[in-house]
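Asks: CSV, N, CA and C atoms, saved as work08.csv, coming up:
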```
chain,number,residue,atom,x,y,z
L,280,MET,N,-62.0,45.4,-207.3
L,280,MET,CA,-62.3,46.8,-207.6
L,280,MET,C,-63.1,47.4,-206.5
L,281,ASP,N,-62.6,48.6,-206.1
L,281,ASP,CA,-63.3,49.4,-205.1
L,281,ASP,C,-64.3,50.3,-205.8
L,282,PRO,N,-65.6,50.0,-205.5
L,282,PRO,CA,-66.7,50.8,-206.2
L,282,PRO,C,-66.5,52.3,-206.1
L,283,ALA,N,-65.9,52.8,-205.0
L,283,ALA,CA,-65.7,54.2,-204.8
L,283,ALA,C,-64.7,54.8,-205.7
L,284,SER,N,-63.8,53.9,-206.3
L,284,SER,CA,-62.8,54.4,-207.2
L,284,SER,C,-63.2,54.3,-208.7
L,285,VAL,N,-64.4,53.8,-209.0
L,285,VAL,CA,-64.8,53.6,-210.4
L,285,VAL,C,-65.4,54.9,-210.9
L,286,VAL,N,-65.0,55.4,-212.0
L,286,VAL,CA,-65.6,56.5,-212.7
L,286,VAL,C,-66.2,56.0,-214.0
L,287,GLU,N,-67.4,56.5,-214.3
L,287,GLU,CA,-68.1,56.1,-215.5
L,287,GLU,C,-68.3,57.3,-216.4
L,288,THR,N,-68.1,57.1,-217.7
L,288,THR,CA,-68.4,58.1,-218.7
L,288,THR,C,-69.2,57.4,-219.8
L,289,THR,N,-70.2,58.1,-220.3
L,289,THR,CA,-71.2,57.6,-221.2
L,289,THR,C,-71.3,58.4,-222.5
L,290,PHE,N,-71.3,57.8,-223.6
L,290,PHE,CA,-71.4,58.5,-224.9
L,290,PHE,C,-72.0,57.6,-225.9
L,291,HIS,N,-72.4,58.1,-227.1
L,291,HIS,CA,-73.0,57.3,-228.1
L,291,HIS,C,-71.9,56.9,-229.1
L,292,VAL,N,-72.0,55.7,-229.7
L,292,VAL,CA,-71.1,55.2,-230.7
L,292,VAL,C,-71.3,56.1,-231.9
L,293,ARG,N,-70.2,56.7,-232.4
L,293,ARG,CA,-70.3,57.5,-233.6
L,293,ARG,C,-70.2,56.7,-234.9
L,294,TYR,N,-70.8,57.1,-236.0
L,294,TYR,CA,-70.7,56.4,-237.3
L,294,TYR,C,-69.3,56.1,-237.7
L,295,ALA,N,-68.4,57.1,-237.5
L,295,ALA,CA,-67.0,57.0,-238.0
L,295,ALA,C,-66.3,55.9,-237.3
L,296,GLU,N,-66.8,55.4,-236.1
L,296,GLU,CA,-66.1,54.4,-235.4
L,296,GLU,C,-66.5,53.0,-235.8
L,297,THR,N,-67.4,52.9,-236.8
L,297,THR,CA,-68.0,51.6,-237.2
L,297,THR,C,-67.6,51.2,-238.6
L,298,ASP,N,-67.8,49.9,-238.9
L,298,ASP,CA,-67.6,49.4,-240.2
L,298,ASP,C,-68.9,49.4,-241.0
L,299,GLN,N,-68.9,48.9,-242.1
L,299,GLN,CA,-70.2,48.9,-243.0
L,299,GLN,C,-71.3,48.2,-242.3
L,300,MET,N,-71.1,47.3,-241.4
L,300,MET,CA,-72.1,46.6,-240.7
L,300,MET,C,-72.6,47.3,-239.5
L,301,GLY,N,-72.0,48.5,-239.1
L,301,GLY,CA,-72.4,49.2,-238.0
L,301,GLY,C,-71.8,48.7,-236.7
L,302,VAL,N,-70.7,47.9,-236.8
L,302,VAL,CA,-70.0,47.3,-235.7
L,302,VAL,C,-68.8,48.1,-235.4
L,303,VAL,N,-68.5,48.5,-234.1
L,303,VAL,CA,-67.4,49.3,-233.8
L,303,VAL,C,-66.1,48.5,-234.1
L,304,HIS,N,-65.1,49.2,-234.7
L,304,HIS,CA,-63.8,48.7,-235.1
L,304,HIS,C,-63.0,48.4,-233.8
L,305,HIS,N,-62.3,47.4,-233.8
L,305,HIS,CA,-61.6,47.0,-232.6
L,305,HIS,C,-60.6,48.0,-232.0
L,306,SER,N,-60.0,48.9,-232.9
L,306,SER,CA,-59.1,49.9,-232.4
L,306,SER,C,-59.8,51.0,-231.6
L,307,VAL,N,-61.1,51.2,-231.8
L,307,VAL,CA,-61.8,52.3,-231.1
L,307,VAL,C,-61.8,52.1,-229.6
L,308,TYR,N,-61.8,50.8,-229.1
L,308,TYR,CA,-61.9,50.6,-227.7
L,308,TYR,C,-60.7,51.2,-227.0
L,309,VAL,N,-59.6,51.2,-227.6
L,309,VAL,CA,-58.4,51.8,-227.0
L,309,VAL,C,-58.6,53.4,-226.8
L,310,ILE,N,-59.2,54.0,-227.8
L,310,ILE,CA,-59.6,55.4,-227.7
L,310,ILE,C,-60.6,55.6,-226.6
L,311,TRP,N,-61.6,54.7,-226.5
L,311,TRP,CA,-62.5,54.8,-225.4
L,311,TRP,C,-61.9,54.7,-224.1
L,312,PHE,N,-60.8,53.8,-223.9
L,312,PHE,CA,-60.1,53.7,-222.7
L,312,PHE,C,-59.5,55.1,-222.4
L,313,GLU,N,-58.9,55.8,-223.4
L,313,GLU,CA,-58.3,57.1,-223.2
L,313,GLU,C,-59.4,58.1,-222.6
L,314,GLU,N,-60.6,58.0,-223.2
L,314,GLU,CA,-61.7,58.9,-222.7
L,314,GLU,C,-62.0,58.5,-221.2
L,315,GLY,N,-62.0,57.2,-220.9
L,315,GLY,CA,-62.2,56.8,-219.5
L,315,GLY,C,-61.1,57.3,-218.6
L,316,ARG,N,-59.8,57.3,-219.0
L,316,ARG,CA,-58.7,57.8,-218.2
L,316,ARG,C,-58.9,59.3,-218.0
L,317,SER,N,-59.3,60.0,-219.0
L,317,SER,CA,-59.5,61.5,-218.9
L,317,SER,C,-60.6,61.8,-217.9
L,318,ALA,N,-61.7,61.1,-218.0
L,318,ALA,CA,-62.8,61.3,-217.1
L,318,ALA,C,-62.4,60.9,-215.6
L,319,TRP,N,-61.6,59.9,-215.5
L,319,TRP,CA,-61.1,59.4,-214.2
L,319,TRP,C,-60.3,60.5,-213.5
L,320,LEU,N,-59.4,61.1,-214.3
L,320,LEU,CA,-58.6,62.3,-213.8
L,320,LEU,C,-59.4,63.5,-213.4
L,321,ARG,N,-60.4,63.8,-214.3
L,321,ARG,CA,-61.3,64.9,-214.1
L,321,ARG,C,-62.1,64.7,-212.8
L,322,ALA,N,-62.5,63.5,-212.6
L,322,ALA,CA,-63.3,63.2,-211.3
L,322,ALA,C,-62.4,63.4,-210.1
L,323,ARG,N,-61.1,63.3,-210.3
L,323,ARG,CA,-60.2,63.5,-209.1
L,323,ARG,C,-59.8,65.0,-209.0
L,324,GLY,N,-60.4,65.9,-209.9
L,324,GLY,CA,-60.1,67.3,-209.8
L,324,GLY,C,-58.9,67.8,-210.5
L,325,THR,N,-58.5,67.0,-211.5
L,325,THR,CA,-57.3,67.4,-212.3
L,325,THR,C,-57.5,67.0,-213.7
L,326,SER,N,-56.4,67.1,-214.5
L,326,SER,CA,-56.5,66.7,-215.9
L,326,SER,C,-55.1,66.3,-216.4
L,327,TYR,N,-55.1,65.5,-217.5
L,327,TYR,CA,-53.8,65.1,-218.0
L,327,TYR,C,-53.0,66.4,-218.5
L,328,ALA,N,-53.7,67.4,-218.9
L,328,ALA,CA,-53.0,68.7,-219.3
L,328,ALA,C,-52.1,69.2,-218.1
L,329,GLU,N,-52.6,69.0,-216.9
L,329,GLU,CA,-51.9,69.5,-215.7
L,329,GLU,C,-50.7,68.6,-215.5
L,330,VAL,N,-50.8,67.3,-215.8
L,330,VAL,CA,-49.6,66.4,-215.6
L,330,VAL,C,-48.5,66.9,-216.5
L,331,GLU,N,-48.9,67.2,-217.8
L,331,GLU,CA,-47.9,67.7,-218.8
L,331,GLU,C,-47.3,69.0,-218.4
L,332,ALA,N,-48.2,69.9,-217.9
L,332,ALA,CA,-47.8,71.3,-217.5
L,332,ALA,C,-46.7,71.2,-216.4
L,333,GLY,N,-46.8,70.1,-215.6
L,333,GLY,CA,-45.8,70.0,-214.5
L,333,GLY,C,-44.5,69.3,-214.9
L,334,GLY,N,-44.5,69.0,-216.2
L,334,GLY,CA,-43.2,68.4,-216.8
L,334,GLY,C,-43.1,66.9,-216.8
L,335,HIS,N,-44.3,66.3,-216.7
L,335,HIS,CA,-44.3,64.8,-216.7
L,335,HIS,C,-45.3,64.3,-217.7
L,336,PHE,N,-45.1,63.0,-218.0
L,336,PHE,CA,-46.0,62.3,-219.0
L,336,PHE,C,-46.3,60.9,-218.4
L,337,PHE,N,-47.5,60.5,-218.6
L,337,PHE,CA,-47.9,59.1,-218.2
L,337,PHE,C,-48.1,58.3,-219.5
L,338,ALA,N,-47.0,57.9,-220.1
L,338,ALA,CA,-47.0,57.2,-221.3
L,338,ALA,C,-47.6,55.8,-221.2
L,339,VAL,N,-48.4,55.4,-222.2
L,339,VAL,CA,-49.0,54.1,-222.2
L,339,VAL,C,-47.9,53.1,-222.6
L,340,SER,N,-47.6,52.1,-221.8
L,340,SER,CA,-46.6,51.1,-222.1
L,340,SER,C,-47.2,49.8,-222.4
L,341,GLU,N,-48.4,49.5,-222.0
L,341,GLU,CA,-49.1,48.3,-222.4
L,341,GLU,C,-50.6,48.6,-222.5
L,342,VAL,N,-51.2,47.8,-223.4
L,342,VAL,CA,-52.7,47.9,-223.6
L,342,VAL,C,-53.2,46.4,-223.7
L,343,HIS,N,-54.2,46.1,-223.0
L,343,HIS,CA,-54.9,44.8,-223.1
L,343,HIS,C,-56.4,45.0,-223.3
L,344,VAL,N,-56.9,44.3,-224.3
L,344,VAL,CA,-58.4,44.4,-224.5
L,344,VAL,C,-58.9,43.0,-224.8
L,345,ARG,N,-60.0,42.7,-224.1
L,345,ARG,CA,-60.7,41.4,-224.4
L,345,ARG,C,-62.1,41.8,-224.9
L,346,TYR,N,-62.4,41.4,-226.1
L,346,TYR,CA,-63.7,41.7,-226.8
L,346,TYR,C,-64.7,40.6,-226.5
L,347,LEU,N,-65.8,41.0,-225.9
L,347,LEU,CA,-66.8,40.0,-225.5
L,347,LEU,C,-68.1,40.1,-226.4
L,348,ALA,N,-68.5,41.2,-226.9
L,348,ALA,CA,-69.7,41.4,-227.7
L,348,ALA,C,-69.5,42.7,-228.5
L,349,PRO,N,-70.1,42.8,-229.7
L,349,PRO,CA,-69.9,44.0,-230.5
L,349,PRO,C,-70.7,45.2,-230.0
L,350,ALA,N,-70.0,46.3,-230.0
L,350,ALA,CA,-70.7,47.6,-229.8
L,350,ALA,C,-71.2,48.0,-231.2
L,351,ARG,N,-72.3,48.7,-231.2
L,351,ARG,CA,-72.9,49.0,-232.5
L,351,ARG,C,-73.3,50.5,-232.6
L,352,TYR,N,-73.3,51.0,-233.8
L,352,TYR,CA,-73.6,52.4,-234.1
L,352,TYR,C,-74.8,52.9,-233.4
L,353,ASP,N,-74.7,54.1,-232.8
L,353,ASP,CA,-75.7,54.9,-232.2
L,353,ASP,C,-76.2,54.4,-230.8
L,354,ARG,N,-75.6,53.3,-230.4
L,354,ARG,CA,-75.9,52.8,-229.0
L,354,ARG,C,-75.1,53.6,-228.0
L,355,ALA,N,-75.7,53.8,-226.9
L,355,ALA,CA,-74.9,54.5,-225.8
L,355,ALA,C,-74.0,53.4,-225.1
L,356,VAL,N,-72.8,53.8,-224.9
L,356,VAL,CA,-71.9,52.9,-224.2
L,356,VAL,C,-71.3,53.6,-223.0
L,357,THR,N,-71.0,52.9,-221.9
L,357,THR,CA,-70.5,53.4,-220.7
L,357,THR,C,-69.1,52.8,-220.5
L,358,VAL,N,-68.1,53.6,-220.3
L,358,VAL,CA,-66.8,53.1,-220.0
L,358,VAL,C,-66.6,53.3,-218.5
L,359,ARG,N,-66.3,52.2,-217.8
L,359,ARG,CA,-66.0,52.3,-216.3
L,359,ARG,C,-64.5,52.2,-216.2
L,360,THR,N,-63.9,53.0,-215.4
L,360,THR,CA,-62.5,53.1,-215.2
L,360,THR,C,-62.1,53.1,-213.7
L,361,TRP,N,-61.1,52.3,-213.4
L,361,TRP,CA,-60.6,52.3,-212.0
L,361,TRP,C,-59.2,51.9,-211.9
L,362,PRO,N,-58.5,52.4,-210.9
L,362,PRO,CA,-57.1,52.0,-210.7
L,362,PRO,C,-56.9,50.6,-210.1
L,363,SER,N,-55.8,49.9,-210.5
L,363,SER,CA,-55.6,48.6,-209.9
L,363,SER,C,-54.2,48.4,-209.3
L,364,ARG,N,-53.2,49.1,-209.9
L,364,ARG,CA,-51.8,49.0,-209.3
L,364,ARG,C,-51.1,50.3,-209.4
L,365,LEU,N,-50.2,50.5,-208.4
L,365,LEU,CA,-49.4,51.7,-208.3
L,365,LEU,C,-48.0,51.3,-207.9
L,366,GLY,N,-47.0,51.6,-208.7
L,366,GLY,CA,-45.6,51.4,-208.4
L,366,GLY,C,-44.9,52.8,-208.3
L,367,SER,N,-43.6,52.7,-208.1
L,367,SER,CA,-42.9,54.0,-207.9
L,367,SER,C,-42.8,54.8,-209.2
L,368,ARG,N,-42.9,54.1,-210.4
L,368,ARG,CA,-42.7,54.7,-211.6
L,368,ARG,C,-43.9,54.5,-212.6
L,369,GLY,N,-44.9,53.8,-212.2
L,369,GLY,CA,-46.0,53.5,-213.1
L,369,GLY,C,-47.2,53.1,-212.3
L,370,PHE,N,-48.3,52.9,-213.1
L,370,PHE,CA,-49.6,52.5,-212.6
L,370,PHE,C,-50.4,51.8,-213.7
L,371,THR,N,-51.5,51.1,-213.2
L,371,THR,CA,-52.3,50.4,-214.1
L,371,THR,C,-53.8,50.8,-213.9
L,372,LEU,N,-54.5,51.1,-214.9
L,372,LEU,CA,-56.0,51.3,-214.9
L,372,LEU,C,-56.7,50.2,-215.6
L,373,GLU,N,-57.9,49.8,-215.0
L,373,GLU,CA,-58.7,48.8,-215.6
L,373,GLU,C,-60.0,49.4,-216.2
L,374,TYR,N,-60.6,48.7,-217.2
L,374,TYR,CA,-61.7,49.3,-217.9
L,374,TYR,C,-62.8,48.2,-218.1
L,375,GLU,N,-64.0,48.6,-218.1
L,375,GLU,CA,-65.1,47.8,-218.7
L,375,GLU,C,-65.9,48.7,-219.6
L,376,VAL,N,-66.3,48.2,-220.7
L,376,VAL,CA,-67.2,48.9,-221.7
L,376,VAL,C,-68.5,48.1,-221.7
L,377,VAL,N,-69.6,48.8,-221.4
L,377,VAL,CA,-70.9,48.2,-221.3
L,377,VAL,C,-71.9,48.9,-222.2
L,378,ASP,N,-72.9,48.2,-222.7
L,378,ASP,CA,-74.0,48.8,-223.4
L,378,ASP,C,-74.8,49.5,-222.3
L,379,THR,N,-75.0,50.7,-222.4
L,379,THR,CA,-75.6,51.5,-221.3
L,379,THR,C,-77.0,51.0,-221.0
L,380,GLU,N,-77.8,50.8,-222.1
L,380,GLU,CA,-79.2,50.4,-221.9
L,380,GLU,C,-79.4,49.0,-221.4
L,381,SER,N,-78.7,48.0,-222.0
L,381,SER,CA,-78.9,46.6,-221.6
L,381,SER,C,-78.0,46.2,-220.5
L,382,GLY,N,-76.9,46.9,-220.3
L,382,GLY,CA,-75.9,46.5,-219.2
L,382,GLY,C,-75.0,45.4,-219.7
L,383,GLN,N,-75.1,45.0,-221.0
L,383,GLN,CA,-74.2,43.9,-221.5
L,383,GLN,C,-72.8,44.3,-221.5
L,384,LEU,N,-71.9,43.5,-221.0
L,384,LEU,CA,-70.5,43.7,-221.0
L,384,LEU,C,-69.9,43.5,-222.4
L,385,LEU,N,-69.3,44.5,-223.0
L,385,LEU,CA,-68.9,44.5,-224.4
L,385,LEU,C,-67.4,44.2,-224.4
L,386,ALA,N,-66.6,44.8,-223.5
L,386,ALA,CA,-65.1,44.6,-223.5
L,386,ALA,C,-64.6,44.9,-222.1
L,387,THR,N,-63.4,44.3,-221.9
L,387,THR,CA,-62.7,44.6,-220.6
L,387,THR,C,-61.3,44.9,-221.1
L,388,GLY,N,-60.5,45.6,-220.2
L,388,GLY,CA,-59.1,45.8,-220.6
L,388,GLY,C,-58.4,46.5,-219.5
L,389,SER,N,-57.1,46.8,-219.8
L,389,SER,CA,-56.3,47.6,-218.9
L,389,SER,C,-55.2,48.3,-219.7
L,390,THR,N,-54.7,49.4,-219.1
L,390,THR,CA,-53.6,50.1,-219.6
L,390,THR,C,-52.5,50.3,-218.5
L,391,ARG,N,-51.3,50.1,-218.9
L,391,ARG,CA,-50.2,50.3,-217.9
L,391,ARG,C,-49.5,51.6,-218.4
L,392,HIS,N,-49.2,52.5,-217.4
L,392,HIS,CA,-48.6,53.8,-217.7
L,392,HIS,C,-47.3,53.9,-216.9
L,393,ILE,N,-46.3,54.5,-217.6
L,393,ILE,CA,-45.0,54.7,-217.0
L,393,ILE,C,-44.8,56.2,-217.0
L,394,CYS,N,-44.2,56.7,-215.9
L,394,CYS,CA,-44.0,58.2,-215.8
L,394,CYS,C,-42.7,58.5,-216.4
L,395,LEU,N,-42.7,59.6,-217.3
L,395,LEU,CA,-41.6,60.1,-218.0
L,395,LEU,C,-41.4,61.5,-217.7
L,396,ASP,N,-40.1,62.0,-217.7
L,396,ASP,CA,-39.8,63.4,-217.6
L,396,ASP,C,-39.8,64.0,-219.0
L,397,ARG,N,-39.5,65.3,-219.1
L,397,ARG,CA,-39.6,66.0,-220.4
L,397,ARG,C,-38.6,65.5,-221.4
L,398,GLU,N,-37.5,64.9,-220.9
L,398,GLU,CA,-36.5,64.3,-221.8
L,398,GLU,C,-36.9,62.9,-222.2
L,399,GLY,N,-38.0,62.4,-221.7
L,399,GLY,CA,-38.4,61.0,-222.1
L,399,GLY,C,-37.8,59.9,-221.3
L,400,ARG,N,-37.2,60.3,-220.1
L,400,ARG,CA,-36.6,59.3,-219.3
L,400,ARG,C,-37.6,58.8,-218.2
L,401,VAL,N,-37.6,57.6,-217.9
L,401,VAL,CA,-38.4,57.0,-216.9
L,401,VAL,C,-38.0,57.6,-215.5
L,402,THR,N,-39.0,58.1,-214.8
L,402,THR,CA,-38.8,58.7,-213.5
L,402,THR,C,-39.8,58.3,-212.5
L,403,ARG,N,-39.6,58.6,-211.3
L,403,ARG,CA,-40.6,58.3,-210.2
L,403,ARG,C,-41.8,59.2,-210.4
L,404,ILE,N,-42.9,58.7,-210.0
L,404,ILE,CA,-44.1,59.5,-210.0
L,404,ILE,C,-44.0,60.6,-208.9
L,405,PRO,N,-44.1,61.9,-209.3
L,405,PRO,CA,-44.0,62.9,-208.2
L,405,PRO,C,-45.1,62.7,-207.1
L,406,GLU,N,-44.7,63.1,-205.9
L,406,GLU,CA,-45.6,62.9,-204.8
L,406,GLU,C,-47.0,63.5,-205.0
L,407,ALA,N,-47.1,64.7,-205.6
L,407,ALA,CA,-48.4,65.3,-205.8
L,407,ALA,C,-49.3,64.4,-206.7
L,408,TRP,N,-48.7,63.7,-207.7
L,408,TRP,CA,-49.5,62.8,-208.5
L,408,TRP,C,-49.8,61.5,-207.8
L,409,ARG,N,-48.8,61.1,-207.0
L,409,ARG,CA,-49.1,59.9,-206.2
L,409,ARG,C,-50.3,60.1,-205.3
L,410,LYS,N,-50.5,61.3,-204.8
L,410,LYS,CA,-51.7,61.6,-204.0
L,410,LYS,C,-53.0,61.5,-204.9
L,411,VAL,N,-52.9,61.9,-206.1
L,411,VAL,CA,-54.1,61.8,-207.0
L,411,VAL,C,-54.4,60.3,-207.3
L,412,LEU,N,-53.3,59.5,-207.3
L,412,LEU,CA,-53.5,58.1,-207.6
L,412,LEU,C,-53.6,57.3,-206.3
L,413,ALA,N,-53.9,58.0,-205.2
L,413,ALA,CA,-53.8,57.3,-203.9
L,413,ALA,C,-54.8,56.1,-203.7
L,414,SER,N,-55.8,56.1,-204.4
L,414,SER,CA,-56.8,55.0,-204.3
L,414,SER,C,-56.3,53.7,-205.0
L,415,VAL,N,-55.2,53.8,-205.7
L,415,VAL,CA,-54.6,52.6,-206.4
L,415,VAL,C,-54.2,51.6,-205.4
L,416,ASP,N,-54.6,50.4,-205.6
L,416,ASP,CA,-54.1,49.2,-204.8
L,416,ASP,C,-52.7,49.0,-205.0
L,417,ARG,N,-51.9,48.7,-204.0
L,417,ARG,CA,-50.4,48.5,-204.2
L,417,ARG,C,-50.1,47.0,-204.4
L,418,SER,N,-51.1,46.2,-204.7
L,418,SER,CA,-50.8,44.8,-204.9
L,418,SER,C,-50.0,44.5,-206.1
```
Please express the file's structure as structure tokens.
Replies:
Amino acid sequence: MDPASVVETTFHVRYAETDQMGVVHHSVYVIWFEEGRSAWLRARGTSYAEVEAGGHFFAVSEVHVRYLAPARYDRAVTVRTWPSRLGSRGFTLEYEVVDTESGQLLATGSTRHICLDREGRVTRIPEAWRKVLASVDRS
């Protein structure tokens, strides 16, 4: 991970995201990854709305989550997001979710994205978007 490519976004766990014990439901982490992706794009001076306006979509084709410790209601959490792979038609982002106050690592994960055109066909990532994703390691 290149520290310069990491974007952090922090927010409080909402009551609706938890079960009766105040523990965050496992599905919420995927939503938090989406928030991390949006923050990562905004930090690069753009947004996913601009991707769509240009006639492309970065569809999620894979999600991986490893749960390490429970996040709890009303705690601040920080989602760290960074790129790890770039191909001609797709890319991968990595994530860490940490308790903001304690620094405890709560979950790690990744999402793989594939570039689609308006008709839903897999297509090459346009050069303008490749530049946005330029810090992605080509490994």
Asks: Can you pull out the residues contacting L:Ala338? Cut-off 7 Å, using only N, CA and C atoms, and skip same-chain residues under 4 positions away; I want them as a list of chain:residue names.
Replies: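 After dropping sequence-adjacent residues, the list is L:Arg391, L:His392, L:Ile393, L:Cys394, L:Leu395.
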Asks: Going by DSSP on the backbone, which bits of stretch 353-396 of chain L are strand (DSSP E)? Write them as a VMD selection string, please.
Replies: chain L and resid 355 to 365 369 to 378 384 to 396
Asks: Which residues come within 8 Å of L:Glu296, counting all atoms listed in the file, excluding same-chain residues fewer than 5 positions away, as a list in words?
Replies: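 The residues satisfying every condition are Gly301, Val302, Val303, His304, His305, Val307, Arg351 and Tyr352 of chain L.
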Asks: Around (-59.0, 52.1, -209.7), as given in the file, which residues come within 8 Å? Count all atoms listed in the file and list them as a PDB file with N, CA and C atoms, keeping the file's coordinate frame.
Replies:
```
ATOM      1  N   MET L 280     -62.000  45.400-207.300  1.00  0.00           N
ATOM      2  CA  MET L 280     -62.300  46.800-207.600  1.00  0.00           C
ATOM      3  C   MET L 280     -63.100  47.400-206.500  1.00  0.00           C
ATOM      4  N   ASP L 281     -62.600  48.600-206.100  1.00  0.00           N
ATOM      5  CA  ASP L 281     -63.300  49.400-205.100  1.00  0.00           C
ATOM      6  C   ASP L 281     -64.300  50.300-205.800  1.00  0.00           C
ATOM      7  N   ALA L 283     -65.900  52.800-205.000  1.00  0.00           N
ATOM      8  CA  ALA L 283     -65.700  54.200-204.800  1.00  0.00           C
ATOM      9  C   ALA L 283     -64.700  54.800-205.700  1.00  0.00           C
ATOM     10  N   SER L 284     -63.800  53.900-206.300  1.00  0.00           N
ATOM     11  CA  SER L 284     -62.800  54.400-207.200  1.00  0.00           C
ATOM     12  C   SER L 284     -63.200  54.300-208.700  1.00  0.00           C
ATOM     13  N   VAL L 285     -64.400  53.800-209.000  1.00  0.00           N
ATOM     14  CA  VAL L 285     -64.800  53.600-210.400  1.00  0.00           C
ATOM     15  C   VAL L 285     -65.400  54.900-210.900  1.00  0.00           C
ATOM     16  N   VAL L 286     -65.000  55.400-212.000  1.00  0.00           N
ATOM     17  CA  VAL L 286     -65.600  56.500-212.700  1.00  0.00           C
ATOM     18  C   VAL L 286     -66.200  56.000-214.000  1.00  0.00           C
ATOM     19  N   THR L 360     -63.900  53.000-215.400  1.00  0.00           N
ATOM     20  CA  THR L 360     -62.500  53.100-215.200  1.00  0.00           C
ATOM     21  C   THR L 360     -62.100  53.100-213.700  1.00  0.00           C
ATOM     22  N   TRP L 361     -61.100  52.300-213.400  1.00  0.00           N
ATOM     23  CA  TRP L 361     -60.600  52.300-212.000  1.00  0.00           C
ATOM     24  C   TRP L 361     -59.200  51.900-211.900  1.00  0.00           C
ATOM     25  N   PRO L 362     -58.500  52.400-210.900  1.00  0.00           N
ATOM     26  CA  PRO L 362     -57.100  52.000-210.700  1.00  0.00           C
ATOM     27  C   PRO L 362     -56.900  50.600-210.100  1.00  0.00           C
ATOM     28  N   SER L 363     -55.800  49.900-210.500  1.00  0.00           N
ATOM     29  CA  SER L 363     -55.600  48.600-209.900  1.00  0.00           C
ATOM     30  C   SER L 363     -54.200  48.400-209.300  1.00  0.00           C
ATOM     31  N   ARG L 364     -53.200  49.100-209.900  1.00  0.00           N
ATOM     32  CA  ARG L 364     -51.800  49.000-209.300  1.00  0.00           C
ATOM     33  C   ARG L 364     -51.100  50.300-209.400  1.00  0.00           C
ATOM     34  N   THR L 371     -51.500  51.100-213.200  1.00  0.00           N
ATOM     35  CA  THR L 371     -52.300  50.400-214.100  1.00  0.00           C
ATOM     36  C   THR L 371     -53.800  50.800-213.900  1.00  0.00           C
ATOM     37  N   LEU L 372     -54.500  51.100-214.900  1.00  0.00           N
ATOM     38  CA  LEU L 372     -56.000  51.300-214.900  1.00  0.00           C
ATOM     39  C   LEU L 372     -56.700  50.200-215.600  1.00  0.00           C
ATOM     40  N   GLU L 373     -57.900  49.800-215.000  1.00  0.00           N
ATOM     41  CA  GLU L 373     -58.700  48.800-215.600  1.00  0.00           C
ATOM     42  C   GLU L 373     -60.000  49.400-216.200  1.00  0.00           C
ATOM     43  N   SER L 414     -55.800  56.100-204.400  1.00  0.00           N
ATOM     44  CA  SER L 414     -56.800  55.000-204.300  1.00  0.00           C
ATOM     45  C   SER L 414     -56.300  53.700-205.000  1.00  0.00           C
ATOM     46  N   VAL L 415     -55.200  53.800-205.700  1.00  0.00           N
ATOM     47  CA  VAL L 415     -54.600  52.600-206.400  1.00  0.00           C
ATOM     48  C   VAL L 415     -54.200  51.600-205.400  1.00  0.00           C
ATOM     49  N   ASP L 416     -54.600  50.400-205.600  1.00  0.00           N
ATOM     50  CA  ASP L 416     -54.100  49.200-204.800  1.00  0.00           C
ATOM     51  C   ASP L 416     -52.700  49.000-205.000  1.00  0.00           C
TER      52      ASP L 416
END
```
Asks: How far is it from atom CA of L:Ser340 to atom C of L:Gly324, in Å with one decimal?
Replies: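 These atoms are spaced 23.8 Å apart.
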Asks: Which residue out of L:Val356, L:Ala318, L:Val309, L:Ala328 has the minimum interatomic distance to L:Val342 when only C-alpha atoms are used?
Replies: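 For L:Val342, the nearest of the candidates is L:Val309.
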Asks: Separation of atom CA of L:Phe370 and atom CA of L:Arg293, in Å?
Replies: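 Atom-to-atom, atom CA of L:Phe370 to atom CA of L:Arg293, that is 29.9 Å.
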Asks: Could you tell me how far atom C of L:Ala295 lies from atom N of L:Trp311, in Å and to one decimal?
Replies: 11.8 Å
Asks: Give me the residues within 9 Å of L:Pro405 as an MDAnalysis selection string, counting only C-alpha atoms and dropping any in the same chain fewer than 4 places off.
Replies: chainID L and resid 335 367:368 394 409:410
Asks: So, counting all atoms listed in the file, which residue among L:Gly315, L:Arg323, L:Phe336, L:Thr390 is closest to L:Val411?
Replies: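 Nearest candidate to L:Val411 out of L:Gly315, L:Arg323, L:Phe336, L:Thr390: L:Arg323.
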Asks: Which of chain L end up as alpha helix (DSSP H) when DSSP is run on this backbone - answer as an MDAnalysis selection string?
Replies: chainID L and resid 307:322 327:332 406:411
Asks: Looking at only C-alpha atoms, which of L:Trp408, L:Tyr327, L:Tyr346, L:Phe337 is the one that sits closest to L:Ala386?
Replies: L:Tyr346
Asks: Counting only N, CA and C atoms, figure out which residue out of L:Tyr308, L:Ser389, L:Leu365, L:Arg397 gets nearest to L:Leu412.
Replies: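 Closest candidate: L:Leu365.
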Asks: With only C-alpha atoms counted, which protein, DNA or RNA residues have an atom no more than 12 Å from (-66.6, 45.3, -221.5) in the file frame? Please answer as a PyMOL selection string.
Replies: chain L and resi 308-309+311-312+343-350+356-360+373-379+382-389
Asks: Which residue gives the smallest distance to L:Thr288 among L:Gly369, L:Ala407, L:Glu314, L:Ala332, with all atoms listed in the file counted?
Replies: L:Glu314
